[in-house]
$ cat query-v1.cif   # mmCIF, C-alpha atoms
data_protein
#
loop_
_atom_site.label_atom_id
_atom_site.label_comp_id
_atom_site.auth_asym_id
_atom_site.auth_seq_id
_atom_site.Cartn_x
_atom_site.Cartn_y
_atom_site.Cartn_z
CA MET A 1 11.57 -20.29 6.57
CA ASN A 2 10.64 -18.86 9.91
CA ALA A 3 7.35 -20.55 10.74
CA ASP A 4 6.21 -17.75 12.99
CA ILE A 5 6.66 -14.89 10.55
CA HIS A 6 5.11 -17.05 7.84
CA THR A 7 1.79 -17.05 9.70
CA LEU A 8 1.61 -13.29 9.07
CA THR A 9 0.72 -13.82 5.39
CA GLY A 10 -3.00 -13.62 6.19
CA ALA A 11 -2.77 -10.47 8.30
CA TYR A 12 -0.49 -8.91 5.70
CA ALA A 13 -2.84 -9.61 2.79
CA LEU A 14 -5.66 -8.00 4.79
CA HIS A 15 -3.53 -4.95 5.69
CA ALA A 16 -3.97 -5.89 9.33
CA LEU A 17 -0.34 -5.55 10.42
CA SER A 18 1.06 -2.62 12.34
CA GLU A 19 3.47 -0.45 10.38
CA ALA A 20 6.56 -1.94 12.02
CA GLU A 21 5.42 -5.51 11.42
CA ARG A 22 4.56 -4.72 7.84
CA VAL A 23 8.07 -3.44 7.20
CA GLU A 24 9.56 -6.52 8.81
CA PHE A 25 7.26 -8.84 6.91
CA GLU A 26 7.97 -7.19 3.54
CA ASP A 27 11.65 -7.78 4.18
CA HIS A 28 10.90 -11.42 4.74
CA LEU A 29 8.62 -11.53 1.71
CA ALA A 30 11.40 -10.41 -0.60
CA GLN A 31 13.35 -13.54 0.31
CA CYS A 32 10.54 -16.06 0.58
CA PRO A 33 8.96 -17.03 -2.76
CA ALA A 34 6.57 -19.43 -1.02
CA CYS A 35 5.27 -16.56 1.15
CA ALA A 36 4.99 -14.28 -1.88
CA LYS A 37 2.88 -16.88 -3.69
CA GLU A 38 0.67 -17.38 -0.65
CA VAL A 39 0.24 -13.61 -0.23
CA ALA A 40 -0.69 -13.22 -3.91
CA GLU A 41 -3.34 -15.91 -3.58
CA MET A 42 -4.67 -14.34 -0.41
CA GLN A 43 -4.87 -10.95 -2.12
CA GLU A 44 -6.88 -12.56 -4.90
CA THR A 45 -9.12 -14.08 -2.25
CA ALA A 46 -9.51 -10.75 -0.44
CA ALA A 47 -10.38 -9.10 -3.76
CA ARG A 48 -13.28 -11.54 -4.05
CA LEU A 49 -14.48 -10.55 -0.59
CA GLY A 50 -14.26 -6.93 -1.70
CA SER A 51 -16.13 -7.61 -4.93
CA ALA A 52 -18.98 -9.11 -2.92
CA VAL A 53 -19.74 -5.67 -1.45
CA ALA A 54 -19.68 -3.81 -4.77
CA THR A 55 -21.81 -0.68 -4.76
CA GLN A 56 -22.48 1.72 -7.60
CA PRO A 57 -20.73 5.06 -7.09
CA PRO A 58 -22.41 8.34 -8.03
CA GLU A 59 -22.42 8.99 -11.79
CA SER A 60 -20.35 12.14 -11.40
CA LEU A 61 -17.37 10.19 -10.10
CA LYS A 62 -16.43 8.96 -13.56
CA GLN A 63 -16.13 12.49 -14.93
CA ASP A 64 -14.03 13.49 -11.92
CA VAL A 65 -11.72 10.53 -12.43
CA MET A 66 -11.38 11.09 -16.16
CA ALA A 67 -10.67 14.78 -15.61
CA GLY A 68 -8.21 13.83 -12.88
CA ILE A 69 -6.09 11.48 -14.99
CA ARG A 70 -5.58 14.10 -17.67
CA ARG A 71 -3.47 16.00 -15.17
CA VAL A 72 -1.41 13.02 -14.06
CA ARG A 73 1.64 11.71 -15.85
CA GLN A 74 1.98 7.95 -16.02
CA LEU A 75 5.04 6.15 -14.74
CA PRO A 76 7.28 4.64 -17.40
CA PRO A 77 7.45 0.84 -17.59
CA ASP A 78 10.10 -0.91 -15.61
CA GLU A 79 12.99 -2.70 -17.25
CA GLY A 80 15.87 -2.44 -14.86
CA PRO A 81 16.81 -4.12 -11.62
CA ILE A 82 14.10 -4.34 -9.03
CA ILE A 83 14.40 -1.93 -6.19
CA PRO A 84 11.98 -2.65 -3.39
CA LEU A 85 9.49 0.12 -2.98
CA ARG A 86 8.38 0.30 0.58
CA GLY A 87 4.85 1.08 1.43
CA ARG A 88 3.47 -0.51 -1.70
CA LYS A 89 2.74 -3.90 -3.00
CA TRP A 90 4.50 -3.50 -6.29
CA PRO A 91 8.21 -3.18 -6.69
CA LEU A 92 9.61 -0.18 -8.44
CA ARG A 93 12.22 -0.69 -11.08
CA VAL A 94 14.46 1.96 -12.48
CA THR A 95 15.81 1.77 -15.95
CA SER A 96 19.31 2.47 -14.77
CA MET A 97 21.15 3.98 -11.90
CA ALA A 98 21.60 7.05 -14.05
CA ALA A 99 17.84 7.46 -14.30
CA ALA A 100 17.59 7.10 -10.55
CA ALA A 101 20.28 9.71 -10.08
CA ALA A 102 18.47 12.05 -12.44
CA ALA A 103 15.22 11.48 -10.58
CA ILE A 104 16.84 12.24 -7.27
CA ALA A 105 18.48 15.32 -8.72
CA ALA A 106 15.07 16.47 -9.92
CA ILE A 107 13.59 15.92 -6.51
CA VAL A 108 16.36 17.70 -4.70
CA LEU A 109 17.07 20.51 -7.11
CA GLY A 110 13.50 20.96 -8.27
CA SER A 111 12.25 21.69 -4.84
CA GLN A 112 15.27 23.77 -3.94
CA VAL A 113 14.86 26.07 -6.91
CA ILE A 114 11.46 27.06 -5.66
CA ARG A 115 12.85 27.70 -2.21
CA LEU A 116 15.68 29.84 -3.48
CA ASP A 117 13.35 32.04 -5.45
CA ASP A 118 11.52 32.72 -2.25
CA GLU A 119 14.53 33.39 -0.14
CA ALA A 120 17.02 35.16 -2.34
CA SER A 121 19.10 36.44 0.53
CA ARG A 122 20.07 33.01 1.75
CA ALA A 123 20.34 31.62 -1.74
CA GLU A 124 24.07 31.34 -2.13
CA GLU A 125 24.68 29.78 1.22
CA GLN A 126 21.88 27.29 0.72
CA LEU A 127 22.90 26.37 -2.77
CA ALA A 128 26.40 25.52 -1.57
CA GLU A 129 24.93 23.46 1.23
CA VAL A 130 22.51 21.67 -1.05
CA SER A 131 24.99 20.98 -3.80
CA SER A 132 27.42 19.50 -1.31
CA ARG A 133 24.66 17.28 -0.01
CA TYR A 134 23.61 16.49 -3.52
CA GLU A 135 27.14 15.47 -4.46
CA THR A 136 27.13 13.05 -1.58
CA VAL A 137 23.80 11.63 -2.71
CA ALA A 138 25.09 11.34 -6.29
CA ASP A 139 28.19 9.52 -5.05
CA MET A 140 26.03 7.24 -2.99
CA ILE A 141 23.85 6.38 -5.97
CA ALA A 142 26.86 5.67 -8.14
CA ALA A 143 28.37 3.30 -5.57
CA GLN A 144 27.98 -0.45 -5.44
CA ASN A 145 25.35 -2.02 -3.21
CA THR A 146 23.15 1.01 -3.04
CA LYS A 147 19.48 0.68 -2.30
CA ILE A 148 17.01 3.31 -3.35
CA MET A 149 13.57 3.16 -1.85
CA ALA A 150 10.51 5.27 -2.26
CA ALA A 151 8.46 5.41 0.89
CA LYS A 152 4.95 6.58 1.39
CA SER A 153 2.99 6.79 4.55
CA GLY A 154 -0.26 8.68 4.73
CA ASP A 155 0.35 12.07 3.10
CA MET A 156 4.09 11.77 3.46
CA ARG A 157 6.46 10.72 0.71
CA ALA A 158 10.20 10.41 0.69
CA THR A 159 13.04 8.71 -1.09
CA VAL A 160 15.70 6.94 0.90
CA VAL A 161 19.11 6.05 -0.43
CA VAL A 162 21.20 3.58 1.55
CA SER A 163 24.82 3.13 0.61
CA ARG A 164 26.61 0.35 2.42
CA GLN A 165 29.82 1.39 0.71
CA HIS A 166 29.63 4.94 2.01
CA GLY A 167 28.07 3.88 5.28
CA LYS A 168 25.43 6.56 4.77
CA VAL A 169 21.71 6.95 4.53
CA ALA A 170 20.13 9.86 2.67
CA PHE A 171 16.56 10.87 3.35
CA LEU A 172 15.02 13.00 0.61
CA PRO A 173 11.65 14.43 1.55
CA LYS A 174 9.19 14.74 -1.28
CA ASP A 175 5.71 15.46 -0.01
CA VAL A 176 6.02 16.21 3.63
CA PRO A 177 3.21 18.03 5.40
CA ALA A 178 4.19 20.75 7.87
CA PRO A 179 5.07 19.14 11.20
CA GLY A 180 3.04 21.69 13.17
CA GLU A 181 3.85 24.72 15.32
CA GLU A 182 7.09 24.37 17.26
CA LYS A 183 7.51 20.84 16.01
CA THR A 184 10.10 19.19 13.84
CA TYR A 185 10.59 15.93 11.99
CA GLN A 186 13.32 13.78 13.47
CA LEU A 187 14.88 10.79 11.77
CA TRP A 188 15.90 7.69 13.68
CA LEU A 189 18.00 4.70 12.86
CA ILE A 190 16.53 1.82 14.76
CA GLY A 191 18.38 -1.37 15.60
CA PRO A 192 18.18 -4.09 18.21
CA ASP A 193 19.61 -1.70 20.80
CA GLY A 194 16.99 0.97 20.18
CA ALA A 195 16.64 4.25 18.29
CA HIS A 196 19.51 6.60 17.47
CA SER A 197 18.81 10.08 16.19
CA ALA A 198 19.83 10.53 12.56
CA GLY A 199 19.15 14.24 12.61
CA LEU A 200 16.32 16.69 12.15
CA LEU A 201 14.69 17.56 8.87
CA PRO A 202 15.78 21.20 8.42
CA ASP A 203 12.72 21.90 6.29
CA GLN A 204 10.34 20.08 4.01
CA ASP A 205 12.64 20.06 0.98
CA THR A 206 16.20 19.55 2.14
CA PRO A 207 17.73 16.09 2.20
CA VAL A 208 19.28 14.73 5.36
CA ILE A 209 22.34 12.52 5.18
CA ALA A 210 23.35 10.46 8.17
CA ASP A 211 25.97 7.85 8.91
CA THR A 212 24.54 4.38 9.17
CA ILE A 213 24.74 2.66 12.50
CA GLU A 214 25.91 -0.91 12.89
CA GLY A 215 22.89 -3.19 13.21
CA ALA A 216 20.31 -0.47 12.52
CA ASN A 217 17.87 -1.89 10.00
CA VAL A 218 14.92 0.45 10.18
CA LEU A 219 14.64 4.16 9.49
CA GLY A 220 11.86 5.88 11.35
CA VAL A 221 10.51 9.41 11.24
CA THR A 222 8.73 10.98 14.20
CA ILE A 223 7.39 14.42 14.99
CA GLU A 224 9.25 15.88 17.95
CA PRO A 225 9.28 19.21 19.78
CA GLU A 226 11.48 21.84 18.11
CA GLY A 227 15.14 21.01 18.62
CA GLY A 228 14.51 17.30 18.63
CA SER A 229 14.44 14.68 21.35
CA GLU A 230 16.93 12.25 22.85
CA GLN A 231 14.61 9.37 22.12
CA PRO A 232 11.42 9.25 20.03
CA THR A 233 8.46 10.56 22.03
CA THR A 234 5.74 9.89 19.47
CA ASP A 235 4.76 7.01 17.18
CA PRO A 236 6.63 7.12 13.91
CA VAL A 237 4.83 8.75 10.99
CA MET A 238 6.94 6.67 8.63
CA THR A 239 9.14 3.62 8.96
CA MET A 240 11.04 1.65 6.43
CA ALA A 241 13.39 -1.31 6.44
CA LEU A 242 16.89 -0.51 5.27
CA GLY A 243 17.58 -4.14 4.40
CA MET B 1 -7.11 -24.50 -11.01
CA HIS B 2 -5.43 -26.25 -13.88
CA GLY B 3 -7.49 -29.32 -13.24
CA ALA B 4 -10.68 -27.29 -13.18
CA ARG B 5 -9.68 -25.48 -16.33
CA ALA B 6 -8.93 -28.72 -18.18
CA GLU B 7 -12.25 -30.08 -17.05
CA ARG B 8 -14.10 -27.07 -18.39
CA ALA B 9 -12.20 -27.32 -21.66
CA ARG B 10 -13.28 -30.92 -22.00
CA SER B 11 -16.87 -30.10 -21.24
CA GLY B 12 -16.72 -27.42 -23.93
CA LYS B 13 -17.70 -24.60 -21.57
CA PRO B 14 -15.50 -21.53 -21.72
CA ASP B 15 -13.65 -20.62 -18.57
CA LEU B 16 -15.18 -17.18 -18.22
CA ARG B 17 -12.72 -16.09 -15.60
CA ALA B 18 -9.77 -16.96 -17.84
CA VAL B 19 -11.35 -15.18 -20.81
CA ALA B 20 -12.00 -12.13 -18.65
CA GLN B 21 -8.43 -12.23 -17.36
CA SER B 22 -6.81 -12.12 -20.78
CA GLY B 23 -9.19 -9.33 -21.80
CA HIS B 24 -8.20 -7.35 -18.73
CA GLN B 25 -4.54 -7.71 -19.61
CA ASP B 26 -5.08 -6.23 -23.07
CA LEU B 27 -6.99 -3.42 -21.47
CA MET B 28 -4.14 -2.78 -19.04
CA SER B 29 -1.59 -2.65 -21.86
CA ARG B 30 -3.68 0.00 -23.57
CA VAL B 31 -4.07 1.94 -20.33
CA ALA B 32 -0.31 1.76 -19.80
CA ARG B 33 0.14 3.37 -23.21
CA GLY B 34 -1.98 6.31 -22.13
CA ASP B 35 -5.23 5.30 -23.84
CA GLU B 36 -7.94 7.26 -22.02
CA GLN B 37 -10.72 5.30 -23.69
CA ALA B 38 -9.23 2.08 -22.33
CA PHE B 39 -9.02 3.68 -18.91
CA ALA B 40 -12.71 4.58 -19.12
CA GLU B 41 -13.40 0.89 -19.78
CA LEU B 42 -11.24 -0.06 -16.81
CA TYR B 43 -13.25 2.38 -14.73
CA ASP B 44 -16.50 0.75 -15.78
CA LEU B 45 -15.09 -2.64 -14.96
CA LEU B 46 -13.83 -1.78 -11.50
CA ALA B 47 -15.73 1.26 -10.20
CA ASP B 48 -18.47 -0.66 -8.38
CA ARG B 49 -16.03 -3.01 -6.73
CA ILE B 50 -13.58 -0.34 -5.67
CA TYR B 51 -16.19 2.11 -4.47
CA GLY B 52 -18.10 -0.65 -2.66
CA LEU B 53 -15.02 -1.83 -0.84
CA VAL B 54 -13.84 1.65 0.07
CA LEU B 55 -17.32 2.59 1.27
CA ARG B 56 -17.50 -0.58 3.31
CA VAL B 57 -14.28 0.27 5.13
CA MET B 58 -14.75 4.04 5.41
CA ARG B 59 -18.54 4.36 5.76
CA ASP B 60 -18.58 8.01 4.75
CA PRO B 61 -19.82 8.35 1.14
CA ALA B 62 -18.10 11.68 0.45
CA GLN B 63 -14.73 10.47 1.71
CA SER B 64 -15.21 7.17 -0.08
CA GLU B 65 -15.68 8.99 -3.36
CA GLU B 66 -12.52 10.95 -2.73
CA VAL B 67 -10.52 7.82 -1.95
CA THR B 68 -12.00 5.96 -4.93
CA GLN B 69 -10.86 8.79 -7.14
CA GLU B 70 -7.36 8.63 -5.65
CA VAL B 71 -7.28 4.89 -6.24
CA PHE B 72 -8.16 5.30 -9.91
CA ILE B 73 -5.55 7.97 -10.38
CA ASP B 74 -3.05 5.62 -8.79
CA LEU B 75 -4.11 2.86 -11.20
CA TRP B 76 -3.62 5.23 -14.13
CA ARG B 77 -0.25 6.39 -12.87
CA THR B 78 1.11 2.91 -12.18
CA ALA B 79 -0.55 0.98 -15.02
CA SER B 80 2.78 0.23 -16.69
CA ARG B 81 3.95 -1.45 -13.50
CA PHE B 82 1.13 -3.96 -13.49
CA HIS B 83 2.41 -7.47 -14.11
CA SER B 84 -0.15 -10.08 -15.02
CA GLU B 85 2.11 -12.90 -13.82
CA ARG B 86 1.86 -11.52 -10.29
CA GLY B 87 -1.93 -11.58 -10.15
CA SER B 88 -5.13 -10.40 -11.76
CA VAL B 89 -6.04 -6.81 -12.55
CA THR B 90 -8.88 -7.00 -10.06
CA SER B 91 -6.61 -8.23 -7.29
CA TRP B 92 -4.05 -5.53 -8.06
CA ALA B 93 -6.69 -2.79 -8.05
CA MET B 94 -8.53 -4.05 -4.98
CA THR B 95 -5.30 -4.40 -3.02
CA ILE B 96 -4.46 -0.77 -3.77
CA ALA B 97 -8.01 0.31 -2.91
CA HIS B 98 -8.10 -1.57 0.38
CA ARG B 99 -4.71 -0.27 1.36
CA ARG B 100 -5.73 3.32 0.71
CA ALA B 101 -9.02 3.03 2.56
CA VAL B 102 -7.35 1.42 5.55
CA ASP B 103 -4.53 3.97 5.60
CA ARG B 104 -7.09 6.74 5.51
CA VAL B 105 -9.19 5.45 8.39
CA ARG B 106 -6.11 4.70 10.46
CA SER B 107 -4.62 8.14 10.02
CA ALA B 108 -7.93 9.92 10.49
CA GLN B 109 -9.11 8.11 13.56
CA SER B 110 -7.17 9.11 16.59
CA THR B 111 -5.92 6.23 18.66
CA VAL B 112 -7.95 7.53 21.54
CA ASP B 113 -11.13 7.38 19.53
CA ARG B 114 -10.46 3.88 18.39
CA GLU B 115 -9.52 2.67 21.82
CA ALA B 116 -12.68 4.15 23.23
CA ARG B 117 -14.74 2.38 20.62
CA MET B 118 -12.97 -0.87 21.19
CA ALA B 119 -13.38 -0.61 24.92
CA ALA B 120 -17.08 -0.03 24.40
CA GLY B 121 -17.08 -3.18 22.28
CA GLN B 122 -18.91 -1.44 19.48
CA GLN B 123 -18.90 -3.03 16.08
CA ASP B 124 -20.99 -0.75 14.00
CA THR B 125 -22.28 -3.10 11.34
CA PRO B 126 -22.50 -6.83 11.54
CA PHE B 127 -20.15 -8.41 9.08
CA ASP B 128 -22.95 -10.28 7.33
CA SER B 129 -24.90 -7.28 6.17
CA VAL B 130 -23.36 -7.18 2.75
CA SER B 131 -24.48 -4.42 0.49
CA ASP B 132 -25.84 -6.23 -2.50
CA GLU B 133 -26.82 -3.47 -4.84
CA VAL B 134 -24.80 -4.41 -7.84
CA ALA B 135 -22.45 -7.24 -7.01
CA SER B 136 -23.09 -10.13 -9.30
CA ARG B 137 -25.51 -12.39 -7.53
CA PHE B 138 -23.48 -15.42 -8.43
CA GLU B 139 -20.24 -13.97 -7.15
CA GLN B 140 -21.92 -12.83 -3.98
CA ARG B 141 -23.59 -16.13 -3.32
CA GLN B 142 -20.33 -17.93 -3.88
CA VAL B 143 -18.50 -15.70 -1.39
CA ARG B 144 -21.31 -16.08 1.11
CA ASN B 145 -21.35 -19.85 0.76
CA CYS B 146 -17.61 -20.00 1.22
CA LEU B 147 -17.75 -17.71 4.27
CA ASP B 148 -20.20 -20.21 5.72
CA THR B 149 -17.54 -22.90 5.57
CA LEU B 150 -15.33 -20.95 8.00
CA THR B 151 -15.42 -21.33 11.75
CA GLU B 152 -17.07 -18.45 13.55
CA LEU B 153 -13.73 -17.16 14.81
CA GLN B 154 -12.19 -17.32 11.34
CA ARG B 155 -15.14 -15.53 9.80
CA GLU B 156 -15.24 -12.82 12.42
CA SER B 157 -11.49 -12.25 12.32
CA VAL B 158 -11.34 -12.00 8.53
CA GLY B 159 -14.43 -9.77 8.45
CA LEU B 160 -13.19 -7.34 11.10
CA ALA B 161 -9.77 -7.07 9.51
CA TYR B 162 -10.90 -6.77 5.90
CA TYR B 163 -14.24 -4.99 6.02
CA GLN B 164 -13.59 -2.83 9.08
CA GLY B 165 -9.90 -2.22 8.49
CA TYR B 166 -8.76 -3.27 11.96
CA THR B 167 -5.26 -4.46 12.70
CA TYR B 168 -5.05 -8.01 13.95
CA GLY B 169 -4.15 -6.64 17.39
CA GLU B 170 -7.41 -4.70 17.42
CA VAL B 171 -9.28 -7.77 16.21
CA ALA B 172 -7.77 -9.75 19.10
CA THR B 173 -8.98 -7.11 21.57
CA LEU B 174 -12.46 -7.00 20.06
CA LEU B 175 -12.83 -10.76 20.07
CA ASP B 176 -11.08 -11.15 23.41
CA THR B 177 -8.82 -13.75 21.83
CA PRO B 178 -5.03 -14.13 22.07
CA LEU B 179 -3.02 -12.35 19.37
CA GLY B 180 -1.41 -15.54 18.08
CA THR B 181 -4.80 -17.16 17.66
CA VAL B 182 -6.14 -14.28 15.58
CA LYS B 183 -3.00 -14.28 13.46
CA THR B 184 -3.42 -17.96 12.60
CA ARG B 185 -7.22 -17.67 12.16
CA LEU B 186 -6.69 -14.91 9.59
CA ARG B 187 -4.31 -17.12 7.70
CA ASP B 188 -6.20 -20.41 7.87
CA GLY B 189 -9.50 -18.60 7.27
CA LEU B 190 -8.11 -17.08 4.06
CA ILE B 191 -6.63 -20.41 3.01
CA ARG B 192 -10.00 -22.07 3.42
CA LEU B 193 -11.70 -19.26 1.48
CA ARG B 194 -9.06 -19.44 -1.23
CA ASP B 195 -9.65 -23.17 -1.69
CA CYS B 196 -13.42 -22.81 -1.57
CA LEU B 197 -13.40 -19.99 -4.14
CA GLY B 198 -10.97 -21.86 -6.37
CA VAL B 199 -8.38 -19.08 -6.25
CA SER B 200 -4.98 -20.34 -7.24
CA LYS B 201 -2.06 -19.25 -9.29
#

$ encode --input "query-v1.cif" --output "structure tokens"
Amino acid sequence: MNADIHTLTGAYALHALSEAERVEFEDHLAQCPACAKEVAEMQETAARLGSAVATQPPESLKQDVMAGIRRVRQLPPDEGPIIPLRGRKWPLRVTSMAAAAAAIAAIVLGSQVIRLDDEASRAEEQLAEVSSRYETVADMIAAQNTKIMAAKSGDMRATVVVSRQHGKVAFLPKDVPAPGEEKTYQLWLIGPDGAHSAGLLPDQDTPVIADTIEGANVLGVTIEPEGGSEQPTTDPVMTMALG
Amino acid sequence: MHGARAERARSGKPDLRAVAQSGHQDLMSRVARGDEQAFAELYDLLADRIYGLVLRVMRDPAQSEEVTQEVFIDLWRTASRFHSERGSVTSWAMTIAHRRAVDRVRSAQSTVDREARMAAGQQDTPFDSVSDEVASRFEQRQVRNCLDTLTELQRESVGLAYYQGYTYGEVATLLDTPLGTVKTRLRDGLIRLRDCLGVSK
């Protein structure tokens, strides 16, 4: 156990790490049962600190919450292998790889269908493009040693599929706010020798597939001027460890 | 904890926390099955704590209500993924709530704004001014007593990180203390609190 990273348990339990450190620490956490136990105890402790400042919310909040949940579908229970879910405390499990594949298909195709309705003229071309990308993603999911991660950062959500066997990373945007006028999202594979561009997000629905880079263990997303940059010029809006 | 539990069993007093815990688990199983009535009970159980914590971090009541609502919807959505062996319902919910509140203040506040505030050395509310409207007096007194067992640096570091939502780097700047020191104070401060509060798995 690395003594230095172990001292981050406290800062982690208090959500006091920077995004990059959090990603690194969660990687460590997955392999360090002693750290996981310590973190769980510290989260219990922090919850007590939080309970000490309890304050009654306005009465109306309960109605809002109860009305809110009626519109929200609950996640099914987990039974399958654990897949680390970045950006959250609790690991996501998927019942089977097939379910994961179906979920990804729904994400990709679901959002594309809406797009195609809007832009009938480019439909055929786009569908071909998407289905070829989707086939790659499906192949990646079916392969051995594939990691599927859901990432969330602020308002942004995405699913990332990493296939060691294919040597590819797929980035599937889910909820991605508009990057802003004349701006674009750029993906980066980050390793000890720095950041390498993994391509631009063509729009807020289309997956990006990139070749993995030897030694790159973090995927980052930044907002860059249209056309992209050589190197990241802004702080990442999302990072996740590729493991 | 086991020792304490055995002791209580011998003395014939129920371990209220343990009783509450097993009750919470039943409640969570019902919530996971889509039982809205059970969720309403969960709301009653946690609303004050979650709202209080979010309000403490965010300060703005309207935004705190919004975030509290998001937290509850998250609890509803992910109820089936709650695992009692990994911790209590309260810890699970409060971790989600704290995370959301902190994420929200970090994304909302521009770095410039925060740096300006840090440079000015402003800490809006002293860490001790705990809002005590509805927190159980016993629970609050216990937390306060345990906070008193910390060194000043431990207490300040934990308070700034948890109640104000600062990163440990920001805490180091505010307290004019080396990063490594703050990192270890957060950890040993929490360990001391954990032991004082009798939190253990």

$ resolve_selection --input "query-v1.cif" --expression "the PyMOL selection byres ((chain A) within 7 of (chain B))" --output "number ranges by chain"
A: 7-11, 14-18, 40-45, 47, 49-57, 65, 68-69, 72-78, 154

$ closest_residue --input "query-v1.cif" --among "A:Met140, A:Val221, A:Ala13, A:Ala67" --to "A:Glu38" --atoms "all atoms listed in the file"
A:Ala13

$ axis_aligned_box --input "query-v1.cif" --around "stretch 178-196 of chain B" --padding-each-side "5 Å" --output "AutoDock Vina command-line options"
--center_x -7.4 --center_y -17.8 --center_z 10.2 --size_x 22.0 --size_y 20.8 --size_z 33.8

$ atom_distance --input "query-v1.cif" --atom1 "atom CA of A:Gln31" --atom2 "atom CA of A:Ala46"
23.0 Å

$ atom_distance --input "query-v1.cif" --atom1 "atom CA of B:Asp35" --atom2 "atom CA of B:Gly23"
15.3 Å

$ residues_near_point --input "query-v1.cif" --point "(8.4, 13.2, 5.5)" --cutoff "8 Å" --atoms "all atoms listed in the file" --output "ChimeraX atom specification"
/A:156-158,173-177,185,204,221,237-238

$ resolve_selection --input "query-v1.cif" --expression "the PyMOL selection byres ((chain A and resi 209) around 10)" --output "list in words"
Arg133, Tyr134, Thr136, Val137, Val160, Val161, Val162, Lys168, Val169, Ala170, Phe171, Leu172, Ala198, Gly199, Leu201, Thr206, Pro207, Val208, Ala210, Asp211 and Thr212 of chain A

$ closest_residue --input "query-v1.cif" --among "A:Gly215, A:Gly227, A:Pro236, A:Gly167" --to "A:Gly194" --atoms "all atoms listed in the file"
A:Gly215

$ atom_distance --input "query-v1.cif" --atom1 "atom CA of A:Asp4" --atom2 "atom CA of A:Pro192"
18.9 Å

$ closest_residue --input "query-v1.cif" --among "A:Asp205, A:Gly220, A:Lys152, A:Lys37" --to "A:Thr234" --atoms "all atoms listed in the file"
A:Gly220

$ resolve_selection --input "query-v1.cif" --expression "the PyMOL selection byres ((chain A and resi 231) around 12)" --output "ChimeraX atom specification"
/A:186-190,194-199,220-225,228-230,232-236

$ residues_around --input "query-v1.cif" --residues "A:Val218" --least-positions-apart "4" --cutoff "9 Å" --atoms "all atoms listed in the file" --output "list in words"
Ala20, Val23, Glu24, Trp188, Leu189, Ile190, Gly191, Thr239, Met240, Ala241, Leu242 and Gly243 of chain A

$ residues_near_point --input "query-v1.cif" --point "(6.5, -17.1, 6.8)" --cutoff "9 Å" --atoms "all atoms listed in the file" --output "list in words"
Met1, Asn2, Ala3, Asp4, Ile5, His6, Thr7, Leu8, Thr9, Phe25, His28, Leu29, Cys32, Ala34 and Cys35 of chain A
